[in-house]
>>> print(open('upload.cif').read())   # mmCIF, C-alpha atoms
data_my_file
loop_
_atom_site.label_atom_id
_atom_site.label_comp_id
_atom_site.auth_asym_id
_atom_site.auth_seq_id
_atom_site.Cartn_x
_atom_site.Cartn_y
_atom_site.Cartn_z
CA MET A 1056 127.38 116.51 118.33
CA ILE A 1057 127.67 116.95 122.11
CA TYR A 1058 130.19 119.14 123.92
CA ILE A 1059 130.84 119.06 127.67
CA THR A 1060 131.23 122.47 129.31
CA ASN A 1061 129.80 124.55 132.16
CA ASP A 1062 131.26 127.79 130.79
CA PRO A 1063 128.57 129.99 129.18
CA ASN A 1064 131.11 131.69 126.90
CA VAL A 1065 132.39 128.37 125.58
CA ALA A 1066 128.83 127.10 125.25
CA GLN A 1067 127.96 130.11 123.09
CA ILE A 1068 130.94 129.43 120.83
CA ALA A 1069 129.99 125.77 120.50
CA GLN A 1070 126.41 126.74 119.65
CA LYS A 1071 127.54 129.30 117.08
CA ASN A 1072 129.60 126.63 115.33
CA GLY A 1073 126.86 124.06 115.10
CA VAL A 1074 127.20 121.89 118.22
CA ASP A 1075 123.79 120.32 118.85
CA ARG A 1076 123.93 119.74 122.62
CA ILE A 1077 125.79 121.22 125.57
CA LEU A 1078 126.33 118.73 128.39
CA ILE A 1079 126.50 119.77 132.04
CA ASP A 1080 128.14 116.82 133.81
CA LEU A 1081 127.06 116.31 137.43
CA GLU A 1082 128.33 112.73 137.71
CA VAL A 1083 130.83 112.24 140.54
CA LEU A 1084 129.65 109.18 142.49
CA GLY A 1085 132.05 106.28 141.88
CA LYS A 1086 133.63 107.82 138.80
CA GLU A 1087 137.06 108.49 140.29
CA GLU A 1088 137.34 104.92 141.56
CA ARG A 1089 136.26 103.40 138.23
CA GLN A 1090 138.47 105.55 136.02
CA LYS A 1091 141.39 106.39 138.33
CA ASN A 1092 144.02 104.97 135.96
CA LEU A 1093 142.52 106.47 132.80
CA ASP A 1094 143.01 109.91 131.29
CA THR A 1095 139.29 110.63 131.15
CA VAL A 1096 137.21 113.76 131.71
CA LYS A 1097 136.12 114.12 135.33
CA SER A 1098 134.02 117.26 135.51
CA HIS A 1099 133.17 119.24 138.62
CA HIS A 1100 130.00 120.89 137.41
CA GLN A 1101 127.21 122.11 139.68
CA ILE A 1102 123.44 122.34 139.34
CA SER A 1103 123.85 126.13 139.50
CA ASP A 1104 125.75 125.93 136.17
CA ILE A 1105 122.59 124.81 134.40
CA GLU A 1106 120.82 128.16 134.67
CA LEU A 1107 123.95 130.10 133.66
CA VAL A 1108 124.44 128.06 130.50
CA LYS A 1109 120.72 127.92 129.75
CA GLU A 1110 120.64 131.73 129.51
CA VAL A 1111 122.99 131.79 126.50
CA LEU A 1112 121.51 128.91 124.51
CA THR A 1113 118.90 129.61 121.87
CA ASN A 1114 118.98 126.64 119.48
CA THR A 1115 121.25 124.15 121.24
CA GLU A 1116 119.83 121.57 123.64
CA LEU A 1117 120.85 121.75 127.30
CA PHE A 1118 121.78 118.23 128.36
CA VAL A 1119 122.52 117.16 131.96
CA ARG A 1120 124.21 113.96 133.15
CA LEU A 1121 123.12 112.91 136.64
CA ASN A 1122 124.85 110.72 139.19
CA PRO A 1123 124.13 106.98 139.04
CA TRP A 1124 120.74 106.09 140.53
CA ASN A 1125 120.70 106.43 144.33
CA GLU A 1126 118.32 107.48 147.12
CA LEU A 1127 118.89 111.16 146.31
CA SER A 1128 118.21 110.79 142.57
CA PRO A 1129 114.55 111.93 142.71
CA LYS A 1130 115.65 115.16 144.40
CA GLU A 1131 118.48 115.64 141.89
CA ILE A 1132 116.08 115.16 138.98
CA GLU A 1133 113.64 117.72 140.35
CA GLU A 1134 116.45 120.23 140.82
CA VAL A 1135 117.87 119.88 137.30
CA ILE A 1136 114.41 120.10 135.73
CA GLU A 1137 113.68 123.25 137.73
CA ALA A 1138 117.04 124.69 136.63
CA GLY A 1139 116.13 124.21 132.97
CA ALA A 1140 117.50 120.86 131.78
CA GLU A 1141 115.96 119.90 128.43
CA ARG A 1142 117.47 116.40 128.31
CA ILE A 1143 118.65 114.26 131.25
CA MET A 1144 121.08 111.34 131.16
CA LEU A 1145 121.23 108.43 133.61
CA PRO A 1146 124.69 106.77 133.86
CA MET A 1147 125.84 103.39 135.23
CA TRP A 1148 122.44 101.72 135.42
CA LYS A 1149 122.43 97.97 135.90
CA LYS A 1150 118.84 97.06 136.76
CA MET A 1151 115.48 97.51 135.12
CA ASP A 1152 114.01 99.06 138.25
CA GLU A 1153 116.66 101.83 138.12
CA VAL A 1154 115.68 102.63 134.53
CA ASP A 1155 111.99 102.58 135.35
CA ALA A 1156 112.42 104.78 138.44
CA PHE A 1157 114.43 107.32 136.41
CA LEU A 1158 111.93 107.49 133.55
CA THR A 1159 108.94 107.55 135.89
CA GLN A 1160 110.40 110.39 137.98
CA ILE A 1161 110.97 112.53 134.89
CA ASP A 1162 107.54 111.60 133.50
CA GLY A 1163 108.01 113.30 130.13
CA ARG A 1164 109.06 116.68 131.58
CA ALA A 1165 112.42 116.42 129.81
CA ALA A 1166 113.86 114.19 127.11
CA THR A 1167 115.88 111.26 128.43
CA THR A 1168 119.06 109.41 127.50
CA LEU A 1169 120.12 106.12 129.06
CA LEU A 1170 123.92 105.91 129.19
CA LEU A 1171 124.68 102.22 128.67
CA GLU A 1172 128.08 101.50 130.21
CA THR A 1173 127.85 98.26 132.19
CA LYS A 1174 127.77 94.61 131.11
CA GLU A 1175 124.67 94.21 133.29
CA ALA A 1176 122.95 96.86 131.17
CA VAL A 1177 123.88 94.97 128.00
CA GLU A 1178 122.28 91.84 129.45
CA ILE A 1179 118.91 93.58 129.99
CA ILE A 1180 118.92 95.80 126.89
CA ASP A 1181 115.97 93.96 125.29
CA ASP A 1182 113.77 94.67 128.31
CA VAL A 1183 114.95 98.29 128.45
CA LEU A 1184 114.17 98.88 124.79
CA ASN A 1185 110.64 97.63 125.37
CA HIS A 1186 110.00 100.32 127.99
CA PRO A 1187 107.52 102.81 126.47
CA MET A 1188 109.28 105.89 127.89
CA VAL A 1189 112.81 105.32 126.52
CA ASP A 1190 113.86 108.21 124.26
CA GLU A 1191 117.50 107.42 123.45
CA ILE A 1192 120.42 105.10 124.24
CA PHE A 1193 124.02 106.29 124.39
CA ILE A 1194 126.81 103.69 124.65
CA GLY A 1195 129.63 104.85 126.94
CA LEU A 1196 132.80 103.16 125.72
CA ASN A 1197 135.05 104.13 128.65
CA ASP A 1198 133.14 102.47 131.46
CA LEU A 1199 131.69 99.68 129.32
CA HIS A 1200 135.12 98.43 128.28
CA LEU A 1201 136.18 98.51 131.96
CA SER A 1202 133.06 96.55 132.90
CA TYR A 1203 134.12 93.81 130.47
CA GLY A 1204 137.75 93.87 131.64
CA LEU A 1205 139.04 95.04 128.25
CA THR A 1206 142.20 97.09 127.80
CA PHE A 1207 141.13 99.51 125.03
CA MET A 1208 137.71 101.11 124.70
CA PHE A 1209 137.58 100.68 120.93
CA GLU A 1210 137.71 96.90 121.37
CA LEU A 1211 133.95 97.30 121.73
CA LEU A 1212 133.86 98.34 118.07
CA SER A 1213 136.06 95.50 116.87
CA ASN A 1214 134.42 92.71 118.90
CA GLY A 1215 130.87 93.44 117.76
CA VAL A 1216 129.37 94.63 121.07
CA VAL A 1217 128.59 98.14 119.82
CA GLU A 1218 127.23 96.82 116.53
CA GLN A 1219 124.92 94.39 118.31
CA LEU A 1220 123.57 97.12 120.61
CA CYS A 1221 123.09 99.54 117.72
CA SER A 1222 121.18 96.88 115.77
CA LYS A 1223 118.82 96.26 118.69
CA CYS A 1224 118.13 100.01 119.08
CA LYS A 1225 117.64 100.41 115.33
CA GLU A 1226 115.15 97.55 115.25
CA LYS A 1227 113.07 99.29 117.94
CA GLY A 1228 113.32 102.70 116.25
CA ILE A 1229 115.11 104.25 119.24
CA PRO A 1230 117.90 106.77 118.48
CA TYR A 1231 121.40 105.84 119.67
CA GLY A 1232 124.97 107.05 119.73
CA PHE A 1233 128.29 106.11 121.23
CA GLY A 1234 131.70 107.30 122.38
CA GLY A 1235 133.69 110.39 121.59
CA ILE A 1236 135.21 111.98 118.49
CA ALA A 1237 138.62 113.64 118.31
CA ARG A 1238 139.50 116.33 115.78
CA LEU A 1239 140.12 114.99 112.28
CA GLY A 1240 143.55 113.44 111.88
CA GLU A 1241 143.86 112.68 115.60
CA GLY A 1242 142.77 110.12 118.20
CA MET A 1243 144.13 106.75 119.39
CA LEU A 1244 141.93 105.37 116.63
CA LEU A 1245 141.87 107.95 113.84
CA ALA A 1246 138.78 110.17 114.11
CA GLU A 1247 137.90 109.68 110.44
CA LYS A 1248 137.62 105.91 110.93
CA VAL A 1249 135.44 106.29 114.03
CA ILE A 1250 133.10 108.80 112.35
CA MET A 1251 132.71 106.53 109.33
CA GLU A 1252 131.75 103.68 111.67
CA HIS A 1253 129.13 105.95 113.29
CA TYR A 1254 127.59 106.38 109.85
CA ARG A 1255 127.74 102.67 108.99
CA LEU A 1256 126.02 101.78 112.27
CA GLY A 1257 123.37 104.50 112.01
CA SER A 1258 124.51 106.41 115.09
CA SER A 1259 123.00 109.85 115.57
CA SER A 1260 125.19 111.29 118.35
CA ALA A 1261 128.74 111.47 119.69
CA ILE A 1262 130.62 113.51 122.28
CA LEU A 1263 133.34 115.87 121.05
CA SER A 1264 136.45 114.88 123.01
CA ARG A 1265 139.03 117.07 124.72
CA SER A 1266 141.34 116.68 121.73
CA PHE A 1267 138.65 118.30 119.59
CA CYS A 1268 138.91 121.46 121.71
CA ASN A 1269 140.22 121.37 125.27
CA ALA A 1270 138.67 124.63 126.46
CA ASP A 1271 139.78 123.97 130.06
CA GLU A 1272 143.42 124.46 129.09
CA ILE A 1273 143.04 127.48 126.77
CA GLN A 1274 142.82 130.92 128.35
CA ASP A 1275 142.18 132.96 125.19
CA ILE A 1276 138.48 132.85 124.26
CA ASN A 1277 139.34 133.94 120.71
CA GLU A 1278 141.60 130.93 120.33
CA ILE A 1279 138.78 128.65 121.50
CA GLU A 1280 136.47 130.18 118.89
CA MET A 1281 139.09 129.73 116.16
CA ILE A 1282 139.61 126.05 117.09
CA PHE A 1283 135.88 125.35 117.20
CA SER A 1284 135.22 127.09 113.92
CA LYS A 1285 137.99 125.25 112.09
CA ASN A 1286 137.31 121.80 113.54
CA MET A 1287 133.53 121.90 113.18
CA ARG A 1288 133.85 123.03 109.56
CA LEU A 1289 136.28 120.18 108.79
CA LEU A 1290 134.06 117.70 110.61
CA ARG A 1291 130.86 118.69 108.81
CA ASP A 1292 132.66 118.70 105.42
CA TYR A 1293 133.91 115.19 106.13
CA GLU A 1294 130.40 114.09 107.12
CA ALA A 1295 129.02 115.44 103.84
CA MET A 1296 131.59 113.40 101.93
CA LEU A 1297 130.57 110.21 103.76
CA GLY A 1298 127.25 110.31 101.95
CA LEU A 1299 129.13 109.44 98.76
CA LYS A 1300 130.78 106.32 100.19
CA THR A 1301 129.76 102.86 98.98
CA GLU A 1302 128.76 99.94 101.20
CA GLU A 1303 132.03 98.24 100.23
CA GLU A 1304 134.02 101.24 101.49
CA TYR A 1305 132.17 101.17 104.81
CA LEU A 1306 132.93 97.46 105.23
CA LEU A 1307 136.58 98.02 104.38
CA ASN A 1308 136.71 100.71 107.08
CA LYS A 1309 135.12 98.28 109.55
CA ALA A 1310 137.82 95.72 108.74
CA ASP A 1311 140.53 98.37 109.03
CA ILE A 1312 139.23 99.40 112.50
CA LYS A 1313 139.40 95.78 113.65
CA LYS A 1314 142.98 95.52 112.38
CA CYS A 1315 143.98 98.81 114.06
CA VAL A 1316 142.39 97.86 117.39
#
>>> encode(input="upload.cif", output="structure tokens")
Amino acid sequence: MIYITNDPNVAQIAQKNGVDRILIDLEVLGKEERQKNLDTVKSHHQISDIELVKEVLTNTELFVRLNPWNELSPKEIEEVIEAGAERIMLPMWKKMDEVDAFLTQIDGRAATTLLLETKEAVEIIDDVLNHPMVDEIFIGLNDLHLSYGLTFMFELLSNGVVEQLCSKCKEKGIPYGFGGIARLGEGMLLAEKVIMEHYRLGSSSAILSRSFCNADEIQDINEIEMIFSKNMRLLRDYEAMLGLKTEEEYLLNKADIKKCV
């Protein structure tokens, strides 16, 4: 589970309640233009936030999303590594040389995640998965559905695109995840259905959405802790129950998602 925050106090609460990764989000280039009509998270984090959050984390991975590859990317990578990033994400890549330049610049000094969110990236996924330095793929549903001209991000679940990408990653033994998860009982597509599809597809990661806990709008730190504690407990209990589901139940959920979408 991944939670986006640059607030050390919120990061500590997330860590205490079992969140696996804290994401510092540096991506600003082109994001406003791509997502201007969508109610999506547009962070305004800084490289200086990395050290502040790093100080409070003991068993949660510090994850940093860069800007899309550009002439300043090598400098940005060096700065986030120096600040303490343990995992680095490259968004909006479209070409193999962008992927190779990113992985070569990091050169094993941090774990890497390739954020797949363009149709061009889908077209070269086989070549990308053959790169010896790829650690993980994460499928970004917001930008990927825009890239295909779709109207709803979960169409990528119903039309088979996510399943096809997950299958390719699984075949190569490369970990993968996708999208965001709302708190149980909520979401445009009910969170329980989405989580069950994560399990069917073998996904190992997801971002906790604003509806899980929108810490930016809550002033009381005790309230944030209460929300995290309750929602993470419910989420992990639900995950434990999924281990008892049959293959038939997973396929019925898949069909139900397609109908809902």
>>> residues_around(input="upload.cif", residues="Val1316 of chain A", least_positions_apart="5", cutoff="8 Å", atoms="all atoms listed in the file", output="count of residues only")
5
>>> residues_around(input="upload.cif", residues="Leu1211 of chain A", least_positions_apart="3", cutoff="12 Å", atoms="all atoms listed in the file", output="ChimeraX atom specification")
/A:1172,1174,1194-1208,1214-1221,1233-1234,1249,1312-1313,1316
>>> resolve_selection(input="upload.cif", expression="the PyMOL selection byres ((chain A and resi 1300-1306) around 12)", output="VMD selection string")
chain A and resid 1247 to 1257 1293 to 1299 1307 to 1313
>>> resolve_selection(input="upload.cif", expression="the PyMOL selection byres ((chain A and resi 1081) around 7)", output="list of chain:residue names")
A:Ile1079, A:Asp1080, A:Glu1082, A:Val1083, A:His1099, A:His1100, A:Gln1101, A:Arg1120, A:Leu1121, A:Asn1122
>>> resolve_selection(input="upload.cif", expression="the PyMOL selection byres ((chain A and resi 1102) around 10)", output="list in words")
Asn1061, Ile1079, Asp1080, Leu1081, His1100, Gln1101, Ser1103, Asp1104, Ile1105, Glu1106, Leu1107, Val1119, Leu1121, Glu1131, Glu1134, Val1135, Ile1136, Glu1137, Ala1138, Gly1139 and Ala1140 of chain A
>>> atom_distance(input="upload.cif", atom1="atom CA of Glu1133 of chain A", atom2="atom CA of Cys1224 of chain A")
28.0 Å
>>> atom_distance(input="upload.cif", atom1="atom CA of Leu1158 of chain A", atom2="atom CA of Gly1232 of chain A")
19.0 Å
>>> atom_distance(input="upload.cif", atom1="atom CA of Lys1225 of chain A", atom2="atom CA of Ala1069 of chain A")
28.7 Å
>>> residues_around(input="upload.cif", residues="segment 1179-1193 of chain A", least_positions_apart="5", cutoff="6 Å", atoms="only C-alpha atoms", output="PDB file with C-alpha atoms, in the coordinates of the input")
ATOM      1  CA  THR A1167     115.880 111.260 128.430  1.00  0.00           C
ATOM      2  CA  THR A1168     119.060 109.410 127.500  1.00  0.00           C
ATOM      3  CA  LEU A1169     120.120 106.120 129.060  1.00  0.00           C
ATOM      4  CA  LEU A1170     123.920 105.910 129.190  1.00  0.00           C
ATOM      5  CA  LEU A1171     124.680 102.220 128.670  1.00  0.00           C
ATOM      6  CA  ILE A1229     115.110 104.250 119.240  1.00  0.00           C
ATOM      7  CA  PRO A1230     117.900 106.770 118.480  1.00  0.00           C
ATOM      8  CA  TYR A1231     121.400 105.840 119.670  1.00  0.00           C
ATOM      9  CA  GLY A1232     124.970 107.050 119.730  1.00  0.00           C
ATOM     10  CA  PHE A1233     128.290 106.110 121.230  1.00  0.00           C
TER      11      PHE A1233
END
>>> residues_around(input="upload.cif", residues="segment 1274-1282 of chain A", least_positions_apart="5", cutoff="9 Å", atoms="all atoms listed in the file", output="list in words")
Asn1064, Val1065, Ile1068, Ala1069, Asn1072, Phe1267, Cys1268, Asn1269 and Met1287 of chain A
>>> axis_aligned_box(input="upload.cif", around="segment 1307-1313 of chain A", padding_each_side="4 Å", output="lines of an AutoDock Vina configuration file")
center_x = 137.8
center_y = 98.2
center_z = 109.0
size_x = 13.4
size_y = 13.0
size_z = 17.3
>>> closest_residue(input="upload.cif", among="A:Leu1127, A:Ile1132, A:Ala1237, A:Met1144", to="Leu1078 of chain A", atoms="all atoms listed in the file")
A:Met1144
>>> decode(input="upload.cif", residues="segment 1134-1169 of chain A", atoms="N, CA and C atoms", output="short mmCIF file (atom, residue, chain, number, x, y, z; two decimals), in the first residue's frame")
data_model
loop_
_atom_site.label_atom_id
_atom_site.label_comp_id
_atom_site.auth_asym_id
_atom_site.auth_seq_id
_atom_site.Cartn_x
_atom_site.Cartn_y
_atom_site.Cartn_z
N GLU A 1134 19.77 14.46 -7.15
CA GLU A 1134 19.31 15.19 -5.97
C GLU A 1134 18.40 14.34 -5.09
N VAL A 1135 17.51 13.55 -5.67
CA VAL A 1135 16.60 12.75 -4.84
C VAL A 1135 17.34 11.57 -4.21
N ILE A 1136 18.33 11.03 -4.89
CA ILE A 1136 19.14 9.97 -4.28
C ILE A 1136 19.92 10.52 -3.10
N GLU A 1137 20.53 11.69 -3.29
CA GLU A 1137 21.29 12.31 -2.20
C GLU A 1137 20.39 12.64 -1.02
N ALA A 1138 19.13 12.99 -1.30
CA ALA A 1138 18.19 13.34 -0.22
C ALA A 1138 17.67 12.12 0.53
N GLY A 1139 17.85 10.93 -0.05
CA GLY A 1139 17.48 9.72 0.68
C GLY A 1139 16.40 8.86 0.06
N ALA A 1140 16.05 9.09 -1.20
CA ALA A 1140 15.03 8.27 -1.85
C ALA A 1140 15.47 6.81 -1.92
N GLU A 1141 14.58 5.90 -1.52
CA GLU A 1141 14.89 4.47 -1.57
C GLU A 1141 14.33 3.81 -2.83
N ARG A 1142 13.29 4.41 -3.38
CA ARG A 1142 12.69 3.94 -4.63
C ARG A 1142 12.31 5.16 -5.46
N ILE A 1143 12.53 5.11 -6.77
CA ILE A 1143 12.27 6.26 -7.64
C ILE A 1143 11.38 5.82 -8.80
N MET A 1144 10.38 6.65 -9.09
CA MET A 1144 9.40 6.35 -10.13
C MET A 1144 9.54 7.31 -11.30
N LEU A 1145 9.54 6.74 -12.52
CA LEU A 1145 9.54 7.55 -13.73
C LEU A 1145 8.15 7.53 -14.36
N PRO A 1146 7.49 8.71 -14.48
CA PRO A 1146 6.17 8.77 -15.11
C PRO A 1146 6.24 9.09 -16.60
N MET A 1147 5.14 8.85 -17.31
CA MET A 1147 4.89 9.37 -18.67
C MET A 1147 5.96 9.02 -19.69
N TRP A 1148 6.63 7.88 -19.52
CA TRP A 1148 7.62 7.49 -20.52
C TRP A 1148 6.92 6.91 -21.75
N LYS A 1149 7.54 7.16 -22.90
CA LYS A 1149 6.96 6.71 -24.17
C LYS A 1149 7.96 5.96 -25.04
N LYS A 1150 9.24 6.12 -24.73
CA LYS A 1150 10.29 5.55 -25.58
C LYS A 1150 11.25 4.70 -24.77
N MET A 1151 11.82 3.72 -25.44
CA MET A 1151 12.76 2.82 -24.78
C MET A 1151 14.00 3.57 -24.31
N ASP A 1152 14.41 4.58 -25.06
CA ASP A 1152 15.63 5.28 -24.65
C ASP A 1152 15.41 6.10 -23.38
N GLU A 1153 14.16 6.53 -23.12
CA GLU A 1153 13.86 7.22 -21.86
C GLU A 1153 13.98 6.26 -20.68
N VAL A 1154 13.44 5.07 -20.87
CA VAL A 1154 13.53 4.04 -19.82
C VAL A 1154 14.98 3.67 -19.55
N ASP A 1155 15.73 3.45 -20.61
CA ASP A 1155 17.13 3.07 -20.45
C ASP A 1155 17.94 4.16 -19.79
N ALA A 1156 17.70 5.42 -20.18
CA ALA A 1156 18.44 6.54 -19.58
C ALA A 1156 18.14 6.65 -18.09
N PHE A 1157 16.87 6.48 -17.72
CA PHE A 1157 16.44 6.53 -16.31
C PHE A 1157 17.12 5.43 -15.50
N LEU A 1158 17.04 4.20 -15.98
CA LEU A 1158 17.61 3.08 -15.24
C LEU A 1158 19.14 3.15 -15.18
N THR A 1159 19.75 3.60 -16.26
CA THR A 1159 21.21 3.73 -16.29
C THR A 1159 21.70 4.80 -15.34
N GLN A 1160 20.97 5.93 -15.27
CA GLN A 1160 21.36 7.02 -14.38
C GLN A 1160 21.30 6.58 -12.92
N ILE A 1161 20.28 5.82 -12.57
CA ILE A 1161 20.15 5.35 -11.18
C ILE A 1161 21.18 4.27 -10.87
N ASP A 1162 21.37 3.37 -11.83
CA ASP A 1162 22.46 2.38 -11.74
C ASP A 1162 22.43 1.57 -10.44
N GLY A 1163 21.24 1.15 -10.03
CA GLY A 1163 21.13 0.30 -8.86
C GLY A 1163 21.24 1.00 -7.52
N ARG A 1164 21.37 2.32 -7.49
CA ARG A 1164 21.53 3.04 -6.22
C ARG A 1164 20.21 3.21 -5.48
N ALA A 1165 19.10 2.96 -6.16
CA ALA A 1165 17.78 2.96 -5.55
C ALA A 1165 16.94 1.98 -6.34
N ALA A 1166 15.89 1.46 -5.73
CA ALA A 1166 14.94 0.63 -6.47
C ALA A 1166 14.19 1.53 -7.45
N THR A 1167 13.65 0.92 -8.50
CA THR A 1167 12.98 1.72 -9.53
C THR A 1167 11.58 1.18 -9.82
N THR A 1168 10.70 2.11 -10.19
CA THR A 1168 9.35 1.76 -10.65
C THR A 1168 9.06 2.55 -11.91
N LEU A 1169 8.65 1.87 -12.95
CA LEU A 1169 8.25 2.51 -14.20
C LEU A 1169 6.73 2.69 -14.19
#
